[in-house]
file entry_16.pdb (PDB, C-alpha atoms)
ATOM      1  CA  MET W   1     -52.869 -16.675 142.665
ATOM      2  CA  VAL W   2     -49.904 -17.800 144.742
ATOM      3  CA  CYS W   3     -46.338 -16.936 143.681
ATOM      4  CA  GLY W   4     -44.509 -19.291 146.084
ATOM      5  CA  SER W   5     -44.219 -22.575 144.187
ATOM      6  CA  ASN W   6     -43.774 -21.830 140.515
ATOM      7  CA  ASN W   7     -42.209 -22.880 137.236
ATOM      8  CA  PHE W   8     -40.740 -19.509 136.235
ATOM      9  CA  GLY W   9     -37.143 -20.722 136.390
ATOM     10  CA  ILE W  10     -37.595 -23.801 134.238
ATOM     11  CA  LEU W  11     -39.821 -21.876 131.805
ATOM     12  CA  ARG W  12     -37.159 -19.212 131.281
ATOM     13  CA  LEU W  13     -34.578 -21.882 130.519
ATOM     14  CA  VAL W  14     -36.892 -23.656 128.072
ATOM     15  CA  LEU W  15     -37.676 -20.359 126.335
ATOM     16  CA  ALA W  16     -33.978 -19.477 126.065
ATOM     17  CA  LEU W  17     -33.202 -22.893 124.570
ATOM     18  CA  ALA W  18     -36.097 -22.415 122.139
ATOM     19  CA  VAL W  19     -34.455 -19.199 120.915
ATOM     20  CA  VAL W  20     -31.234 -21.116 120.223
ATOM     21  CA  VAL W  21     -33.130 -23.847 118.350
ATOM     22  CA  SER W  22     -34.934 -21.229 116.281
ATOM     23  CA  HIS W  23     -31.721 -19.428 115.361
ATOM     24  CA  ALA W  24     -30.185 -22.622 114.003
ATOM     25  CA  PHE W  25     -32.063 -21.895 110.775
ATOM     26  CA  SER W  26     -31.359 -18.165 110.354
ATOM     27  CA  VAL W  27     -27.658 -18.522 111.271
ATOM     28  CA  ALA W  28     -27.248 -21.132 108.535
ATOM     29  CA  THR W  29     -29.289 -19.432 105.812
ATOM     30  CA  GLY W  30     -29.502 -15.749 106.724
ATOM     31  CA  HIS W  31     -33.287 -15.841 106.296
ATOM     32  CA  VAL W  32     -35.735 -15.822 109.208
ATOM     33  CA  ASP W  33     -38.487 -17.133 106.921
ATOM     34  CA  ASP W  34     -36.676 -20.473 106.652
ATOM     35  CA  GLU W  35     -37.802 -21.349 110.186
ATOM     36  CA  PRO W  36     -40.726 -23.820 109.908
ATOM     37  CA  LEU W  37     -42.938 -22.251 112.586
ATOM     38  CA  MET W  38     -42.831 -18.937 110.727
ATOM     39  CA  HIS W  39     -45.060 -20.326 107.988
ATOM     40  CA  ALA W  40     -47.502 -21.934 110.408
ATOM     41  CA  THR W  41     -47.988 -19.052 112.856
ATOM     42  CA  GLY W  42     -46.489 -15.902 111.313
ATOM     43  CA  PHE W  43     -43.749 -15.891 113.951
ATOM     44  CA  THR W  44     -40.634 -17.961 114.516
ATOM     45  CA  LEU W  45     -40.151 -20.201 117.515
ATOM     46  CA  GLY W  46     -37.654 -17.632 118.764
ATOM     47  CA  GLU W  47     -40.202 -14.833 118.532
ATOM     48  CA  HIS W  48     -42.759 -16.897 120.422
ATOM     49  CA  ALA W  49     -40.107 -17.581 123.065
ATOM     50  CA  VAL W  50     -39.274 -13.875 123.377
ATOM     51  CA  ASN W  51     -42.989 -13.198 123.791
ATOM     52  CA  GLY W  52     -42.975 -15.638 126.691
ATOM     53  CA  PHE W  53     -39.955 -13.920 128.221
ATOM     54  CA  PHE W  54     -41.715 -10.547 128.127
ATOM     55  CA  ALA W  55     -44.858 -11.945 129.736
ATOM     56  CA  ILE W  56     -42.822 -13.434 132.590
ATOM     57  CA  SER W  57     -40.807 -10.249 132.893
ATOM     58  CA  GLY W  58     -43.930  -8.078 133.031
ATOM     59  CA  PHE W  59     -45.353 -10.214 135.835
ATOM     60  CA  LEU W  60     -42.175 -10.484 137.918
ATOM     61  CA  VAL W  61     -40.888  -6.939 137.374
ATOM     62  CA  THR W  62     -44.246  -5.433 138.369
ATOM     63  CA  MET W  63     -44.188  -7.618 141.467
ATOM     64  CA  SER W  64     -40.604  -6.499 142.147
ATOM     65  CA  PHE W  65     -41.521  -2.813 142.114
ATOM     66  CA  GLU W  66     -44.534  -3.347 144.346
ATOM     67  CA  ARG W  67     -42.478  -5.253 146.899
ATOM     68  CA  ARG W  68     -39.177  -3.338 146.766
ATOM     69  CA  GLY W  69     -39.879   0.321 146.101
ATOM     70  CA  TRP W  70     -38.128   2.349 143.441
ATOM     71  CA  ARG W  71     -34.541   2.409 144.790
ATOM     72  CA  ASP W  72     -34.273  -1.318 145.369
ATOM     73  CA  PHE W  73     -36.155  -1.955 142.119
ATOM     74  CA  GLY W  74     -33.666   0.082 140.077
ATOM     75  CA  LEU W  75     -30.649  -1.589 141.681
ATOM     76  CA  ALA W  76     -32.121  -5.045 141.196
ATOM     77  CA  ARG W  77     -32.821  -4.438 137.504
ATOM     78  CA  LEU W  78     -29.371  -2.957 136.928
ATOM     79  CA  LEU W  79     -27.517  -5.846 138.546
ATOM     80  CA  ARG W  80     -29.629  -8.440 136.735
ATOM     81  CA  ILE W  81     -29.049  -7.069 133.232
ATOM     82  CA  VAL W  82     -25.658  -5.345 133.147
ATOM     83  CA  PRO W  83     -23.072  -7.810 134.578
ATOM     84  CA  GLY W  84     -24.107 -10.695 132.327
ATOM     85  CA  LEU W  85     -24.234  -8.432 129.278
ATOM     86  CA  VAL W  86     -20.807  -6.962 130.006
ATOM     87  CA  GLY W  87     -19.332 -10.428 130.508
ATOM     88  CA  ALA W  88     -20.838 -11.782 127.291
ATOM     89  CA  THR W  89     -19.840  -8.743 125.233
ATOM     90  CA  LEU W  90     -16.230  -8.880 126.409
ATOM     91  CA  PHE W  91     -16.011 -12.646 125.945
ATOM     92  CA  VAL W  92     -17.436 -12.494 122.420
ATOM     93  CA  SER W  93     -15.317  -9.544 121.318
ATOM     94  CA  LEU W  94     -12.028 -10.291 123.081
ATOM     95  CA  VAL W  95     -12.001 -14.103 123.148
ATOM     96  CA  ILE W  96     -14.185 -15.424 120.333
ATOM     97  CA  GLY W  97     -13.347 -12.465 118.118
ATOM     98  CA  THR W  98      -9.614 -12.912 118.638
ATOM     99  CA  MET W  99      -9.842 -16.605 117.733
ATOM    100  CA  MET W 100     -12.164 -16.201 114.732
ATOM    101  CA  THR W 101     -10.954 -13.012 113.062
ATOM    102  CA  SER W 102      -9.186 -13.180 109.705
ATOM    103  CA  LEU W 103      -6.935 -10.305 110.843
ATOM    104  CA  ASP W 104      -3.745 -10.686 112.781
ATOM    105  CA  ARG W 105      -4.056  -9.988 116.492
ATOM    106  CA  ALA W 106      -2.405  -6.567 116.410
ATOM    107  CA  SER W 107      -4.623  -5.375 113.558
ATOM    108  CA  TYR W 108      -7.716  -6.741 115.268
ATOM    109  CA  PHE W 109      -7.096  -4.853 118.500
ATOM    110  CA  ALA W 110      -6.087  -1.711 116.630
ATOM    111  CA  ASP W 111      -9.302  -1.687 114.585
ATOM    112  CA  GLY W 112     -11.764   0.916 115.845
ATOM    113  CA  GLN W 113     -14.651  -1.330 114.822
ATOM    114  CA  LEU W 114     -13.824  -3.633 117.734
ATOM    115  CA  TRP W 115     -14.184  -0.885 120.302
ATOM    116  CA  ARG W 116     -17.271   0.555 118.599
ATOM    117  CA  PHE W 117     -18.807  -2.912 118.793
ATOM    118  CA  ILE W 118     -18.193  -3.134 122.535
ATOM    119  CA  TRP W 119     -19.471   0.379 123.176
ATOM    120  CA  GLY W 120     -22.511   0.029 120.917
ATOM    121  CA  THR W 121     -23.527  -3.321 122.375
ATOM    122  CA  LEU W 122     -23.290  -2.106 125.956
ATOM    123  CA  THR W 123     -24.919   1.300 125.482
ATOM    124  CA  THR W 124     -27.499   0.904 122.712
ATOM    125  CA  PHE W 125     -27.898  -2.897 122.514
ATOM    126  CA  LYS W 126     -26.887  -2.966 118.853
ATOM    127  CA  SER W 127     -27.358  -6.495 117.570
ATOM    128  CA  ALA W 128     -26.423  -5.832 113.945
ATOM    129  CA  ALA W 129     -22.880  -4.622 114.685
ATOM    130  CA  ALA W 130     -19.997  -6.711 113.318
ATOM    131  CA  LEU W 131     -16.482  -7.385 114.552
ATOM    132  CA  PRO W 132     -13.512  -6.818 112.207
ATOM    133  CA  GLY W 133     -12.844  -9.920 110.140
ATOM    134  CA  VAL W 134     -15.188 -12.079 112.247
ATOM    135  CA  PHE W 135     -17.944 -14.194 110.656
ATOM    136  CA  ASP W 136     -17.652 -12.185 107.449
ATOM    137  CA  GLN W 137     -18.220 -15.367 105.414
ATOM    138  CA  ASN W 138     -21.349 -16.327 107.363
ATOM    139  CA  PRO W 139     -24.807 -15.484 105.958
ATOM    140  CA  LEU W 140     -25.215 -13.057 108.885
ATOM    141  CA  SER W 141     -21.992 -11.484 110.119
ATOM    142  CA  PHE W 142     -23.054  -9.980 113.452
ATOM    143  CA  PRO W 143     -21.930 -11.936 116.523
ATOM    144  CA  MET W 144     -24.538 -10.930 119.145
ATOM    145  CA  GLY W 145     -27.846 -11.124 117.369
ATOM    146  CA  THR W 146     -30.150 -11.340 120.390
ATOM    147  CA  VAL W 147     -29.230  -8.264 122.432
ATOM    148  CA  TRP W 148     -31.710  -6.006 120.613
ATOM    149  CA  THR W 149     -34.548  -7.246 122.842
ATOM    150  CA  LEU W 150     -32.762  -5.825 125.897
ATOM    151  CA  LYS W 151     -33.583  -2.355 124.603
ATOM    152  CA  TYR W 152     -37.292  -3.103 124.809
ATOM    153  CA  GLU W 153     -36.809  -4.849 128.139
ATOM    154  CA  CYS W 154     -35.116  -1.794 129.659
ATOM    155  CA  LEU W 155     -37.754   0.547 128.234
ATOM    156  CA  CYS W 156     -40.426  -1.614 129.847
ATOM    157  CA  TYR W 157     -38.521  -1.472 133.152
ATOM    158  CA  LEU W 158     -38.478   2.294 132.837
ATOM    159  CA  GLY W 159     -42.206   2.268 132.159
ATOM    160  CA  VAL W 160     -42.841   0.298 135.357
ATOM    161  CA  LEU W 161     -40.642   2.731 137.293
ATOM    162  CA  VAL W 162     -42.470   5.783 135.949
ATOM    163  CA  ALA W 163     -45.890   4.209 136.448
ATOM    164  CA  GLY W 164     -44.960   3.163 139.955
ATOM    165  CA  LEU W 165     -43.648   6.582 140.930
ATOM    166  CA  ALA W 166     -46.786   8.175 139.491
ATOM    167  CA  GLY W 167     -48.953   5.853 141.567
ATOM    168  CA  LEU W 168     -50.527   4.235 138.509
ATOM    169  CA  LEU W 169     -49.716   0.699 139.620
ATOM    170  CA  CYS W 170     -52.050   1.284 142.549
ATOM    171  CA  ARG W 171     -54.794   2.183 140.070
ATOM    172  CA  ARG W 172     -55.171  -1.048 138.163
ATOM    173  CA  SER W 173     -57.775   0.379 135.814
ATOM    174  CA  TRP W 174     -55.121   2.682 134.330
ATOM    175  CA  VAL W 175     -52.915  -0.280 133.472
ATOM    176  CA  LEU W 176     -55.943  -2.040 132.031
ATOM    177  CA  CYS W 177     -56.589   1.012 129.817
ATOM    178  CA  LEU W 178     -52.975   0.989 128.621
ATOM    179  CA  TRP W 179     -53.252  -2.678 127.716
ATOM    180  CA  GLY W 180     -56.493  -1.972 125.864
ATOM    181  CA  LEU W 181     -54.888   0.869 123.881
ATOM    182  CA  LEU W 182     -51.955  -1.323 122.860
ATOM    183  CA  LEU W 183     -54.353  -4.110 121.923
ATOM    184  CA  ALA W 184     -56.399  -1.711 119.787
ATOM    185  CA  ALA W 185     -53.203  -0.426 118.128
ATOM    186  CA  VAL W 186     -52.207  -3.982 117.171
ATOM    187  CA  VAL W 187     -55.638  -4.651 115.647
ATOM    188  CA  LEU W 188     -55.667  -1.283 113.862
ATOM    189  CA  ARG W 189     -52.254  -1.965 112.337
ATOM    190  CA  GLU W 190     -53.517  -5.287 111.002
ATOM    191  CA  ILE W 191     -56.444  -3.504 109.367
ATOM    192  CA  ILE W 192     -54.533  -0.548 107.914
ATOM    193  CA  ALA W 193     -51.062  -1.947 107.165
ATOM    194  CA  PRO W 194     -50.881  -5.706 107.771
ATOM    195  CA  ASN W 195     -47.640  -5.948 105.776
ATOM    196  CA  GLY W 196     -46.090  -2.821 107.254
ATOM    197  CA  ALA W 197     -42.690  -2.417 108.860
ATOM    198  CA  LYS W 198     -41.704  -5.257 111.171
ATOM    199  CA  GLY W 199     -40.206  -2.739 113.596
ATOM    200  CA  VAL W 200     -43.618  -1.148 114.199
ATOM    201  CA  GLU W 201     -45.146  -4.530 114.938
ATOM    202  CA  THR W 202     -42.319  -5.377 117.355
ATOM    203  CA  GLY W 203     -42.658  -1.989 119.026
ATOM    204  CA  LEU W 204     -46.289  -2.817 119.780
ATOM    205  CA  ARG W 205     -45.939  -6.552 120.391
ATOM    206  CA  LEU W 206     -43.335  -6.603 123.141
ATOM    207  CA  PRO W 207     -44.768  -3.751 125.274
ATOM    208  CA  LEU W 208     -48.268  -5.232 124.896
ATOM    209  CA  ILE W 209     -47.123  -8.617 126.195
ATOM    210  CA  PHE W 210     -45.078  -7.042 128.992
ATOM    211  CA  VAL W 211     -48.039  -4.918 130.098
ATOM    212  CA  ALA W 212     -50.279  -7.990 129.929
ATOM    213  CA  GLY W 213     -47.896  -9.835 132.263
ATOM    214  CA  GLY W 214     -47.903  -6.895 134.670
ATOM    215  CA  LEU W 215     -51.682  -6.630 134.455
ATOM    216  CA  ILE W 216     -52.060 -10.296 135.343
ATOM    217  CA  TYR W 217     -49.957  -9.695 138.454
ATOM    218  CA  LEU W 218     -51.958  -6.625 139.483
ATOM    219  CA  TRP W 219     -55.261  -8.491 139.066
ATOM    220  CA  ARG W 220     -53.868 -11.803 140.305
ATOM    221  CA  GLU W 221     -56.742 -12.429 142.727
ATOM    222  CA  ARG W 222     -59.216 -12.506 139.831
ATOM    223  CA  VAL W 223     -57.153 -14.154 137.092
ATOM    224  CA  PRO W 224     -57.959 -17.860 136.673
ATOM    225  CA  LEU W 225     -55.188 -20.407 136.131
ATOM    226  CA  SER W 226     -56.830 -23.029 133.986
ATOM    227  CA  VAL W 227     -54.829 -25.387 131.801
ATOM    228  CA  TRP W 228     -58.014 -26.501 130.042
ATOM    229  CA  GLY W 229     -58.998 -22.869 129.550
ATOM    230  CA  LEU W 230     -55.608 -22.266 127.944
ATOM    231  CA  CYS W 231     -56.192 -25.156 125.544
ATOM    232  CA  GLY W 232     -59.559 -23.692 124.588
ATOM    233  CA  LEU W 233     -58.148 -20.232 123.971
ATOM    234  CA  ALA W 234     -55.319 -21.707 121.886
ATOM    235  CA  ILE W 235     -57.946 -23.230 119.610
ATOM    236  CA  LEU W 236     -59.729 -19.877 119.417
ATOM    237  CA  VAL W 237     -56.467 -18.153 118.427
ATOM    238  CA  ALA W 238     -55.975 -20.707 115.651
ATOM    239  CA  LEU W 239     -59.492 -20.014 114.364
ATOM    240  CA  LEU W 240     -58.687 -16.276 114.211
ATOM    241  CA  ALA W 241     -55.526 -16.872 112.155
ATOM    242  CA  ARG W 242     -56.728 -15.121 109.001
ATOM    243  CA  THR W 243     -58.406 -12.182 110.711
ATOM    244  CA  PRO W 244     -57.122  -8.811 111.985
ATOM    245  CA  LEU W 245     -57.755 -10.074 115.529
ATOM    246  CA  TYR W 246     -55.232 -12.907 115.271
ATOM    247  CA  LYS W 247     -52.078 -11.200 116.520
ATOM    248  CA  ALA W 248     -53.798  -9.341 119.346
ATOM    249  CA  ALA W 249     -55.362 -12.616 120.474
ATOM    250  CA  LEU W 250     -52.092 -14.513 120.079
ATOM    251  CA  PHE W 251     -50.107 -12.016 122.146
ATOM    252  CA  SER W 252     -52.714 -11.852 124.910
ATOM    253  CA  VAL W 253     -53.184 -15.611 125.150
ATOM    254  CA  THR W 254     -49.408 -16.087 125.111
ATOM    255  CA  ALA W 255     -49.036 -13.737 128.072
ATOM    256  CA  TRP W 256     -51.752 -15.442 130.086
ATOM    257  CA  GLY W 257     -50.682 -18.901 128.950
ATOM    258  CA  VAL W 258     -47.110 -18.489 130.161
ATOM    259  CA  ILE W 259     -48.361 -17.392 133.585
ATOM    260  CA  VAL W 260     -50.706 -20.376 133.666
ATOM    261  CA  LEU W 261     -47.799 -22.713 132.908
ATOM    262  CA  ALA W 262     -45.780 -21.022 135.643
ATOM    263  CA  LEU W 263     -48.391 -20.917 138.393
ATOM    264  CA  ALA W 264     -51.272 -23.334 137.726
ATOM    265  CA  PRO W 265     -51.601 -25.602 140.791
ATOM    266  CA  ALA W 266     -51.840 -28.662 138.546
ATOM    267  CA  LEU W 267     -48.356 -27.879 137.181
ATOM    268  CA  THR W 268     -46.607 -26.718 140.337
ATOM    269  CA  ALA W 269     -47.312 -29.682 142.606
ATOM    270  CA  TRP W 270     -43.673 -30.673 142.184
ATOM    271  CA  ARG W 271     -40.983 -28.046 142.665
ATOM    272  CA  SER W 272     -39.211 -27.326 139.399
ATOM    273  CA  THR W 273     -37.304 -24.135 140.145
ATOM    274  CA  PRO W 274     -33.638 -24.849 139.284
ATOM    275  CA  ALA W 275     -30.958 -23.871 141.767
ATOM    276  CA  ALA W 276     -29.113 -21.951 139.035
ATOM    277  CA  ASP W 277     -30.648 -19.727 136.370
ATOM    278  CA  PHE W 278     -28.816 -20.296 133.082
ATOM    279  CA  SER W 279     -31.517 -18.706 130.919
ATOM    280  CA  TYR W 280     -29.900 -15.270 130.481
ATOM    281  CA  GLY W 281     -26.536 -16.811 129.628
ATOM    282  CA  VAL W 282     -28.134 -19.207 127.139
ATOM    283  CA  TYR W 283     -29.928 -16.275 125.528
ATOM    284  CA  LEU W 284     -26.742 -14.193 125.235
ATOM    285  CA  TYR W 285     -24.274 -16.903 124.193
ATOM    286  CA  GLY W 286     -26.464 -19.050 121.947
ATOM    287  CA  TRP W 287     -26.136 -16.879 118.861
ATOM    288  CA  PRO W 288     -22.344 -16.286 118.926
ATOM    289  CA  ILE W 289     -21.679 -19.984 119.562
ATOM    290  CA  GLN W 290     -23.878 -20.960 116.636
ATOM    291  CA  GLN W 291     -22.008 -18.443 114.492
ATOM    292  CA  VAL W 292     -18.704 -20.057 115.506
ATOM    293  CA  PHE W 293     -19.884 -23.561 114.597
ATOM    294  CA  TYR W 294     -21.254 -22.411 111.256
ATOM    295  CA  ALA W 295     -18.022 -20.542 110.434
ATOM    296  CA  LEU W 296     -15.977 -23.666 111.229
ATOM    297  CA  PHE W 297     -18.295 -26.168 109.526
ATOM    298  CA  PRO W 298     -20.254 -24.279 106.847
ATOM    299  CA  ALA W 299     -21.081 -27.409 104.857
ATOM    300  CA  THR W 300     -22.750 -29.084 107.843
ATOM    301  CA  GLY W 301     -26.508 -28.843 108.210
ATOM    302  CA  ALA W 302     -28.077 -26.493 110.745
ATOM    303  CA  LEU W 303     -29.716 -29.265 112.736
ATOM    304  CA  THR W 304     -26.486 -31.282 112.855
ATOM    305  CA  LEU W 305     -24.696 -28.330 114.454
ATOM    306  CA  LEU W 306     -27.521 -27.700 116.912
ATOM    307  CA  ALA W 307     -26.537 -30.302 119.544
ATOM    308  CA  PRO W 308     -22.887 -29.193 119.957
ATOM    309  CA  SER W 309     -24.004 -25.558 119.874
ATOM    310  CA  LEU W 310     -26.477 -26.163 122.685
ATOM    311  CA  LEU W 311     -23.915 -28.051 124.759
ATOM    312  CA  LEU W 312     -21.247 -25.341 124.517
ATOM    313  CA  THR W 313     -23.851 -22.628 125.072
ATOM    314  CA  LEU W 314     -25.007 -24.316 128.275
ATOM    315  CA  LEU W 315     -21.408 -24.585 129.492
ATOM    316  CA  LEU W 316     -20.817 -20.879 128.901
ATOM    317  CA  ALA W 317     -24.172 -20.019 130.463
ATOM    318  CA  ALA W 318     -23.185 -22.019 133.540
ATOM    319  CA  ALA W 319     -19.875 -20.133 133.745
ATOM    320  CA  SER W 320     -21.706 -16.829 133.321
ATOM    321  CA  TRP W 321     -24.102 -17.718 136.128
ATOM    322  CA  HIS W 322     -21.516 -18.950 138.605
ATOM    323  CA  PHE W 323     -18.803 -16.350 137.964
ATOM    324  CA  VAL W 324     -20.713 -13.237 136.858
ATOM    325  CA  GLU W 325     -24.476 -13.214 137.367
ATOM    326  CA  ASN W 326     -24.809 -14.958 140.720
ATOM    327  CA  PRO W 327     -22.019 -12.924 142.348
ATOM    328  CA  ALA W 328     -23.794  -9.786 141.081
ATOM    329  CA  LEU W 329     -27.037 -10.996 142.637
ATOM    330  CA  GLY W 330     -25.124 -11.615 145.850
ATOM    331  CA  LEU W 331     -23.919  -8.019 145.730
ATOM    332  CA  LYS W 332     -27.520  -6.949 145.204
ATOM    333  CA  ARG W 333     -28.622  -8.850 148.294
ATOM    334  CA  ARG W 334     -25.848  -7.288 150.386
ATOM    335  CA  LEU W 335     -26.614  -3.770 149.172
ATOM    336  CA  LEU W 336     -30.344  -4.161 149.698
ATOM    337  CA  CYS W 337     -29.877  -5.590 153.176
ATOM    338  CA  GLY W 338     -27.508  -2.740 153.999
TER
END

call {"tool": "encode", "arguments": {"input": "entry_16.pdb", "output": "structure tokens"}}
result
Amino acid sequence: MVCGSNNFGILRLVLALAVVVSHAFSVATGHVDDEPLMHATGFTLGEHAVNGFFAISGFLVTMSFERRGWRDFGLARLLRIVPGLVGATLFVSLVIGTMMTSLDRASYFADGQLWRFIWGTLTTFKSAAALPGVFDQNPLSFPMGTVWTLKYECLCYLGVLVAGLAGLLCRRSWVLCLWGLLLAAVVLREIIAPNGAKGVETGLRLPLIFVAGGLIYLWRERVPLSVWGLCGLAILVALLARTPLYKAALFSVTAWGVIVLALAPALTAWRSTPAADFSYGVYLYGWPIQQVFYALFPATGALTLLAPSLLLTLLLAAASWHFVENPALGLKRRLLCG
């Protein structure tokens, strides 16, 4: 398995855009179940996209630790996550919030809820926090509905750091055992409490997919990259849809499938890695921009608002990349070289 020519960049952008498309329904109605793919697969398009993100992250972050060592790894993760999040949080709260609030400007800035929003978003990744007088007529009032996944992302980073320092990444069988335990936990939950708390399912789903991505990297010499094999396994997953094995199979095939799409020789003959990576910005700004459009045009259909939402989101993501994220990555390169 060669990591030189790959589709990771374009895949991340497609997955981020898929999250925005998925949220067009929940922003307009306030109900996740209104998303068509939810009824067909048990998960929204956005959830499938997040699964893909975690598989890619597991693969690349495990590779990063192996190649960098713990100090460089920690700095790289910090500078990839924090600057973009800080920029988005401040823009949403101090620019969008100021324009969209029903309060006067002085009252808005004097409201403690504003500063609690900023602090909570940056420290605990609270996605259900609201801004004073902002989007309070929308079905869902919170302005940064996607940041909750960053909590799981950072916990997975921490897991890689701990496992790496403990030498477990050099013992691939230990990682394989961890993946097997998580897989068994997913199946057991489906047997015992298939309609249990969504939070428990998420707490198993995202680490399982992340570990699967890391496992694929660690066993990369033995992992096949077959597009036809992926098609066959997708059919198998569909056949398991009404069994307790469905979700475990879906998560595992998703993890492998994303890596296949990123690295299969048949799909990487042409170079598709974009010069700029807008995916993180699209992921962060998509939700607040959709909230703005719905607040301004509540009588307009979700799909009608999707195109302008995507366009403005991409513009903000480009600004985030060029003025915040890429300079931070440049700082990372200078610090690591020093």

call {"tool": "residues_around", "arguments": {"input": "entry_16.pdb", "residues": "segment 163-171 of chain W", "least_positions_apart": "6", "cutoff": "9 Å", "atoms": "only C-alpha atoms", "output": "VMD selection string"}}
result
chain W and resid 62 65 to 66 69 to 70 218

call {"tool": "resolve_selection", "arguments": {"input": "entry_16.pdb", "expression": "the PyMOL selection byres ((chain W and resi 100) around 12)", "output": "MDAnalysis selection string"}}
result
chainID W and resid 92:99 101:105 108 131:138 141 143 288:289 291:296

call {"tool": "write_last_selection", "arguments": {"input": "entry_16.pdb", "atoms": "C-alpha atoms", "output": "PDB file, keeping the file's coordinate frame"}}
result
ATOM      1  CA  VAL W  92     -17.436 -12.494 122.420  1.00  0.00           C
ATOM      2  CA  SER W  93     -15.317  -9.544 121.318  1.00  0.00           C
ATOM      3  CA  LEU W  94     -12.028 -10.291 123.081  1.00  0.00           C
ATOM      4  CA  VAL W  95     -12.001 -14.103 123.148  1.00  0.00           C
ATOM      5  CA  ILE W  96     -14.185 -15.424 120.333  1.00  0.00           C
ATOM      6  CA  GLY W  97     -13.347 -12.465 118.118  1.00  0.00           C
ATOM      7  CA  THR W  98      -9.614 -12.912 118.638  1.00  0.00           C
ATOM      8  CA  MET W  99      -9.842 -16.605 117.733  1.00  0.00           C
ATOM      9  CA  THR W 101     -10.954 -13.012 113.062  1.00  0.00           C
ATOM     10  CA  SER W 102      -9.186 -13.180 109.705  1.00  0.00           C
ATOM     11  CA  LEU W 103      -6.935 -10.305 110.843  1.00  0.00           C
ATOM     12  CA  ASP W 104      -3.745 -10.686 112.781  1.00  0.00           C
ATOM     13  CA  ARG W 105      -4.056  -9.988 116.492  1.00  0.00           C
ATOM     14  CA  TYR W 108      -7.716  -6.741 115.268  1.00  0.00           C
ATOM     15  CA  LEU W 131     -16.482  -7.385 114.552  1.00  0.00           C
ATOM     16  CA  PRO W 132     -13.512  -6.818 112.207  1.00  0.00           C
ATOM     17  CA  GLY W 133     -12.844  -9.920 110.140  1.00  0.00           C
ATOM     18  CA  VAL W 134     -15.188 -12.079 112.247  1.00  0.00           C
ATOM     19  CA  PHE W 135     -17.944 -14.194 110.656  1.00  0.00           C
ATOM     20  CA  ASP W 136     -17.652 -12.185 107.449  1.00  0.00           C
ATOM     21  CA  GLN W 137     -18.220 -15.367 105.414  1.00  0.00           C
ATOM     22  CA  ASN W 138     -21.349 -16.327 107.363  1.00  0.00           C
ATOM     23  CA  SER W 141     -21.992 -11.484 110.119  1.00  0.00           C
ATOM     24  CA  PRO W 143     -21.930 -11.936 116.523  1.00  0.00           C
ATOM     25  CA  PRO W 288     -22.344 -16.286 118.926  1.00  0.00           C
ATOM     26  CA  ILE W 289     -21.679 -19.984 119.562  1.00  0.00           C
ATOM     27  CA  GLN W 291     -22.008 -18.443 114.492  1.00  0.00           C
ATOM     28  CA  VAL W 292     -18.704 -20.057 115.506  1.00  0.00           C
ATOM     29  CA  PHE W 293     -19.884 -23.561 114.597  1.00  0.00           C
ATOM     30  CA  TYR W 294     -21.254 -22.411 111.256  1.00  0.00           C
ATOM     31  CA  ALA W 295     -18.022 -20.542 110.434  1.00  0.00           C
ATOM     32  CA  LEU W 296     -15.977 -23.666 111.229  1.00  0.00           C
TER      33      LEU W 296
END

call {"tool": "residues_near_point", "arguments": {"input": "entry_16.pdb", "point": "(-36.2, -5.1, 141.0)", "cutoff": "10 Å", "atoms": "all atoms listed in the file", "output": "list in words"}}
result
Leu60, Val61, Thr62, Met63, Ser64, Phe65, Glu66, Arg67, Arg68, Gly69, Trp70, Arg71, Asp72, Phe73, Gly74, Leu75, Ala76, Arg77, Leu78, Leu79, Arg80, Tyr157, Leu161 and Lys332 of chain W

call {"tool": "closest_residue", "arguments": {"input": "entry_16.pdb", "among": "W:Leu183, W:His39, W:Arg172, W:Ser279", "to": "Leu17 of chain W", "atoms": "all atoms listed in the file"}}
result
W:Ser279

call {"tool": "resolve_selection", "arguments": {"input": "entry_16.pdb", "expression": "the PyMOL selection byres ((chain W and resi 242-259) around 7)", "output": "PyMOL selection string"}}
result
chain W and resi 52+55-56+183+186-187+190-191+209+212-213+230+233+237+240-241+260-263

call {"tool": "atom_distance", "arguments": {"input": "entry_16.pdb", "atom1": "atom CA of Ala16 of chain W", "atom2": "atom CA of Asp277 of chain W"}}
result
10.8 Å

call {"tool": "resolve_selection", "arguments": {"input": "entry_16.pdb", "expression": "the PyMOL selection byres ((chain W and resi 304) around 12)", "output": "list in words"}}
result
Val21, Ala24, Phe25, Ala28, Gln290, Phe293, Tyr294, Phe297, Pro298, Ala299, Thr300, Gly301, Ala302, Leu303, Leu305, Leu306, Ala307, Pro308, Ser309 and Leu310 of chain W

call {"tool": "closest_residue", "arguments": {"input": "entry_16.pdb", "among": "W:Thr123, W:Tyr152, W:Gly42, W:Gly229", "to": "Asn195 of chain W", "atoms": "all atoms listed in the file"}}
result
W:Gly42

call {"tool": "closest_residue", "arguments": {"input": "entry_16.pdb", "among": "W:Leu178, W:Ala193, W:Ile10, W:Leu188", "to": "Gly214 of chain W", "atoms": "all atoms listed in the file"}}
result
W:Leu178

call {"tool": "closest_residue", "arguments": {"input": "entry_16.pdb", "among": "W:Gly180, W:Gly159, W:Gly281, W:Gly30", "to": "Val86 of chain W", "atoms": "all atoms listed in the file"}}
result
W:Gly281

call {"tool": "closest_atom_pairs", "arguments": {"input": "entry_16.pdb", "of": "segment 29-91 of chain W", "to": "segment 315-326 of chain W", "cutoff": "8 Å", "atoms": "all atoms listed in the file", "output": "JSON lines"}}
result
{"residue": "W:Arg80", "atom": "CA", "partner": "W:Glu325", "partner_atom": "CA", "distance": 7.1}
{"residue": "W:Pro83", "atom": "CA", "partner": "W:Glu325", "partner_atom": "CA", "distance": 6.2}
{"residue": "W:Gly84", "atom": "CA", "partner": "W:Glu325", "partner_atom": "CA", "distance": 5.6}
{"residue": "W:Gly87", "atom": "CA", "partner": "W:Val324", "partner_atom": "CA", "distance": 7.1}
{"residue": "W:Ala88", "atom": "CA", "partner": "W:Ser320", "partner_atom": "CA", "distance": 7.9}
